[in-house]
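> Attaching a single structure in structure tokens format; questions to follow.
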There are 2 protein chains.
Amino acid sequence: MTIDLAILGLLAECELHGYELSKRLADLLELGAPVSFGSVYPALGRLERAGQVKAVEAGRIRLVPMTGSLAGELAAARGRLTNPGGRRAKKVYGITDKGEQRLVELLLDPGGVATAAGFGLRLSLFRYLSPAQRRAVIVARRSTLTHLQAEADRLGPWVDRWSTARRAHEAAVIAEDLRWLDELEQVDEHPDHTQSTTGQAPAEPATSGVNE
Amino acid sequence: MTIDLAILGLLAECELHGYELSKRLADLLELGAPVSFGSVYPALGRLERAGQVKAVEAGRIRLVPMTGSLAGELAAARGRLTNPGGRRAKKVYGITDKGEQRLVELLLDPGGVATAAGFGLRLSLFRYLSPAQRRAVIVARRSTLTHLQAEADRLGPWVDRWSTARRAHEAAVIAEDLRWLDELEQVDEHPDHTQSTTGQAPAEPATSGVNE
DNA sequence: CTGCCGTTATATCGTGCCGATACAACGAAA
DNA sequence: TTTCGTTGTATCGGCACGATATAACGGCAG
């Protein structure tokens with residue numbers, strides 16, 4: 001259901017069609033994980049059937065097919081849905097009231113923060129939550145990490161040097177994530193300095209301002 | 001195919017049956033991610049058909065069914081495979097020569113280190129690789145992380161404080177992972193101190209760690 | 001103008017993962 | 001002796017994902 005949340009989050013901002021949606025999903029979801037159309041379109045259909053998104057416009061612009069009526073008729077003969085006398089239907093989706101309700105529901109789902117990607121996605125959509133709800137999400141994530149820490153300690157002695165190194169690194173990452181959560185909570189309480197705190201800047205003057 | 005690799009890695013050490021296998025898989029794969037039987041048994045069947053694992057023993061111990069012959073016959077009538085006059089077959093699997101070949105193949109697959117979990121799994125199985133092969137895996141992982149870093153920089157300016165915080169943290173984690181890879185390479189070249197280097201021990205009171 | 005290519009755009013199919021669940025045997029407590 | 005918890009094997013439905021087909025469009029080179 002993580003793709004449902006991402007789609008609803010994007011549509012809550014503005015109306016989009018499937019292709020643009022999948023491009024933005026790749027940025028909103030995990031880095032370096034391209035989103036498959038085989039996930040997006042079925043998800044859109046599912047959400048539409050559930051009444052959480054609706055097709056808002058089927059932009060049929062423009063004139064006769066440029067290849068002449070022949071191609072259009074051929075396509076129609078094959079049972080394809082060419083828009084006769086116009087461009088291929090570009091279905092634009094928008095969110096419904098029920099969809100906005102589901103969005104908040106998914107954002108607050110405690111099981112969603114089990115993974116780093118799940119928490120990151122929710123963090124990117126924090127603007128749709130109240131301060132109290134944001135705090136609840138952070139608390140749930142901290143609970144997950146603490147539980148993970150305990151489980152890591154429970155693990156028996158490890159066979160070789162590399163397994164040991166792996167466990168140690170995992171523990172360090174968890175500890176660092178917990179520290180970061182504390183920072184996030186403070187940022188939310190004192191929204192003064194917008195930039196300097198969370199995560200040290202990876203390099204020189206270019207900082208996290210990306211480029212502009 | 002990541003579950004194939006984990007199964008082969010466990011069977012390379014000793015022979016196991018499905019249930020014990022799935023318990024150990026949970027420790028070998030990502031923390032806090034229980035392994036579904038719906039993944040393990042189909043995977044075992046697939047690997048067996050491919051000749052990479054083989055059923056090595058079908059321990060049929062003990063006596064008549066405790067509920068009497070009635071239950072046994074009922075089960076047989078339903079097409080169930082109750083071992084008539086004995087305990088339910090406990091299939092013990094072992095790895096084959098072809099399986100060991102596939103194990104190394106999967107360990108060296110460059111696409112496998114795309115995720116942290118994929119690299120962690122391979123790191124835990126480093127003992128099945130030569131030093132040169134281990135270095136190749138580390139190099140592949142570094143390439144992945146560097147590419148990810150570039151992609152993170154490419155990303156446009158972000159809408160709000162939380163998206164910015166998320167990106168900054170992701171960048172910091174990537175940078176830390178790259179530093180860790182350097183450590184791992186040095187550990188492999190100078191296998192002197194087995195413990196002290198990678199990731200601090202969580203017991204020490206100097207909790208700062210990580211950032212230095 | 002025409003053919004070709006790259007991009008935008010929607011959709012489907014097969015494979016395989018995963019959570020839930022059923023089936024089954026056994027030990028031990030209640 | 002009934003009931004529970006653990007060990008143990010297996011299947012089902014839903015769905016995520018990579019590959020692929022179809023289609024329209026813009027641009028550009030010949």
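Identifiers for the structure tokens are assigned positionally: chains receive A, B, ... in sequence, residues are indexed from 1 per chain, and ligands are indexed from 1 in the order shown.
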Among region 138-176 of chain B, which ones does DSSP place in helix (DSSP H, G or I), written as a ChimeraX atom specification?
/B:138-154,161-176
> I need the contact residues of chain C against chain B, so if you could list those with any atom within 8 Å, counting only C-alpha atoms (C1' of nucleotides), and return them as a ChimeraX atom specification, that would help.
/C:17-19,24-25
> Please produce an output containing C-alpha atoms (C1' of nucleotides) for each residue in the selection, written as a CSV table (one decimal), in the first residue's frame.

chain,number,residue,atom,x,y,z
C,17,DC,C1',7.1,-12.3,-3.2
C,18,DC,C1',4.4,-12.1,0.8
C,19,DG,C1',0.8,-12.3,4.5
C,24,DA,C1',-0.4,-32.1,10.7
C,25,DA,C1',2.3,-34.1,14.6
> Which residues are close to DT8 (chain C), i.e. within 10 Å by only C-alpha atoms (C1' of nucleotides), leaving aside same-chain residues fewer than 4 positions away? Reply as a ChimeraX atom specification.
/A:19-20 /D:24-25
> So which one's closest to chain B, A:Asp27, A:Glu100, A:Glu57, A:Glu105? Using only C-alpha atoms, please.
A:Asp27
> List as CSV every residue of chain D that is in contact with chain B, defined as an atom at most 10 Å from one of its atoms (using only C-alpha atoms (C1' of nucleotides)), together with the nearest atom pair and the distance in Å rounded to one decimal, sorted by chain and then rising number.

residue,atom,partner,partner_atom,distance
D:DT7,C1',B:Tyr19,CA,7.8
D:DG8,C1',B:Tyr19,CA,6.2
D:DT9,C1',B:Gly18,CA,8.0
D:DA10,C1',B:Tyr41,CA,7.8
D:DT11,C1',B:Gly38,CA,8.3
D:DC12,C1',B:Gly38,CA,9.8
> Within 6 Å of chain A, which residues of chain B show up when using only C-alpha atoms, listed as an NGL selection string?
:B and (123-124 or 162-163 or 165 or 168-169 or 172 or 198-199)
> Could you pull the residues within 10 Å of DC4 (chain D), counting only C-alpha atoms (C1' of nucleotides), minus those fewer than 2 positions along the same chain, as a list of chain:residue names?
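Here the answer would be C:DA28, C:DA29, C:DA30, D:DT2, D:DT6.
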> Give me a file of those residues, with C-alpha atoms (C1' of nucleotides), as a CSV table (one decimal), in the first residue's frame.

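What landed in result32.csv:
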chain,number,residue,atom,x,y,z
C,28,DA,C1',3.6,-30.7,28.1
C,29,DA,C1',0.9,-28.2,31.1
C,30,DA,C1',-3.9,-27.6,33.0
D,2,DT,C1',-8.4,-31.5,26.6
D,6,DT,C1',6.0,-25.4,19.1
> For DG3 (chain C), find every residue with an atom within 10 Å (counting only C-alpha atoms (C1' of nucleotides)), except residues of its own chain fewer than 2 positions away, and show them as a short mmCIF file (atom, residue, chain, number, x, y, z; two decimals) with N, CA and C atoms (P, O5', C5', C4', C3', O3' and C1' of nucleotides), in the first residue's frame.

data_model
loop_
_atom_site.label_atom_id
_atom_site.label_comp_id
_atom_site.auth_asym_id
_atom_site.auth_seq_id
_atom_site.Cartn_x
_atom_site.Cartn_y
_atom_site.Cartn_z
P DC C 1 4.18 19.07 -48.08
"O5'" DC C 1 3.84 17.67 -48.78
"C5'" DC C 1 4.85 17.14 -49.67
"C4'" DC C 1 5.57 15.99 -48.95
"C3'" DC C 1 4.93 15.59 -47.61
"O3'" DC C 1 4.20 14.34 -47.73
"C1'" DC C 1 7.34 15.71 -47.47
P DC C 5 15.47 4.68 -36.87
"O5'" DC C 5 15.58 5.67 -35.62
"C5'" DC C 5 16.38 6.85 -35.73
"C4'" DC C 5 16.04 7.80 -34.60
"C3'" DC C 5 15.82 7.11 -33.25
"O3'" DC C 5 16.54 7.81 -32.25
"C1'" DC C 5 13.98 8.50 -33.76
P DA D 29 19.45 17.89 -38.16
"O5'" DA D 29 20.12 16.71 -38.99
"C5'" DA D 29 19.77 15.35 -38.68
"C4'" DA D 29 19.49 14.55 -39.95
"C3'" DA D 29 20.23 15.05 -41.20
"O3'" DA D 29 20.71 13.93 -41.92
"C1'" DA D 29 17.88 15.03 -41.59
P DG D 30 21.75 14.15 -43.14
"O5'" DG D 30 20.91 13.65 -44.40
"C5'" DG D 30 20.36 12.35 -44.42
"C4'" DG D 30 19.34 12.24 -45.53
"C3'" DG D 30 19.83 12.72 -46.90
"O3'" DG D 30 19.49 11.78 -47.90
"C1'" DG D 30 17.80 13.80 -46.34
#
> To one decimal in Å, tell me the separation between CA of Ala12 (chain B) and CA of Arg142 (chain B).
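Separation between CA of Ala12 (chain B) and CA of Arg142 (chain B): 27.1 Å.
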> Give me the residues near DG6 (chain C) as a list in words, where near means some atom within 12 Å (using only C-alpha atoms (C1' of nucleotides)) and where sequence neighbours in that chain fewer than 3 positions away do not count.
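Final neighbour list, sorted by chain and number: DC25, DG26, DG27 and DC28 of chain D.
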> What does the distance from CA of Leu129 (chain B) to CA of Pro34 (chain B) come to in Å, to one decimal?
26.9 Å
> Using only C-alpha atoms, find the one residue out of A:Asp109, A:Glu189, A:Glu48, A:Asp97 that sits nearest to Ala140 (chain A).
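Answer, going by the shortest atom-to-atom distance: A:Asp109.
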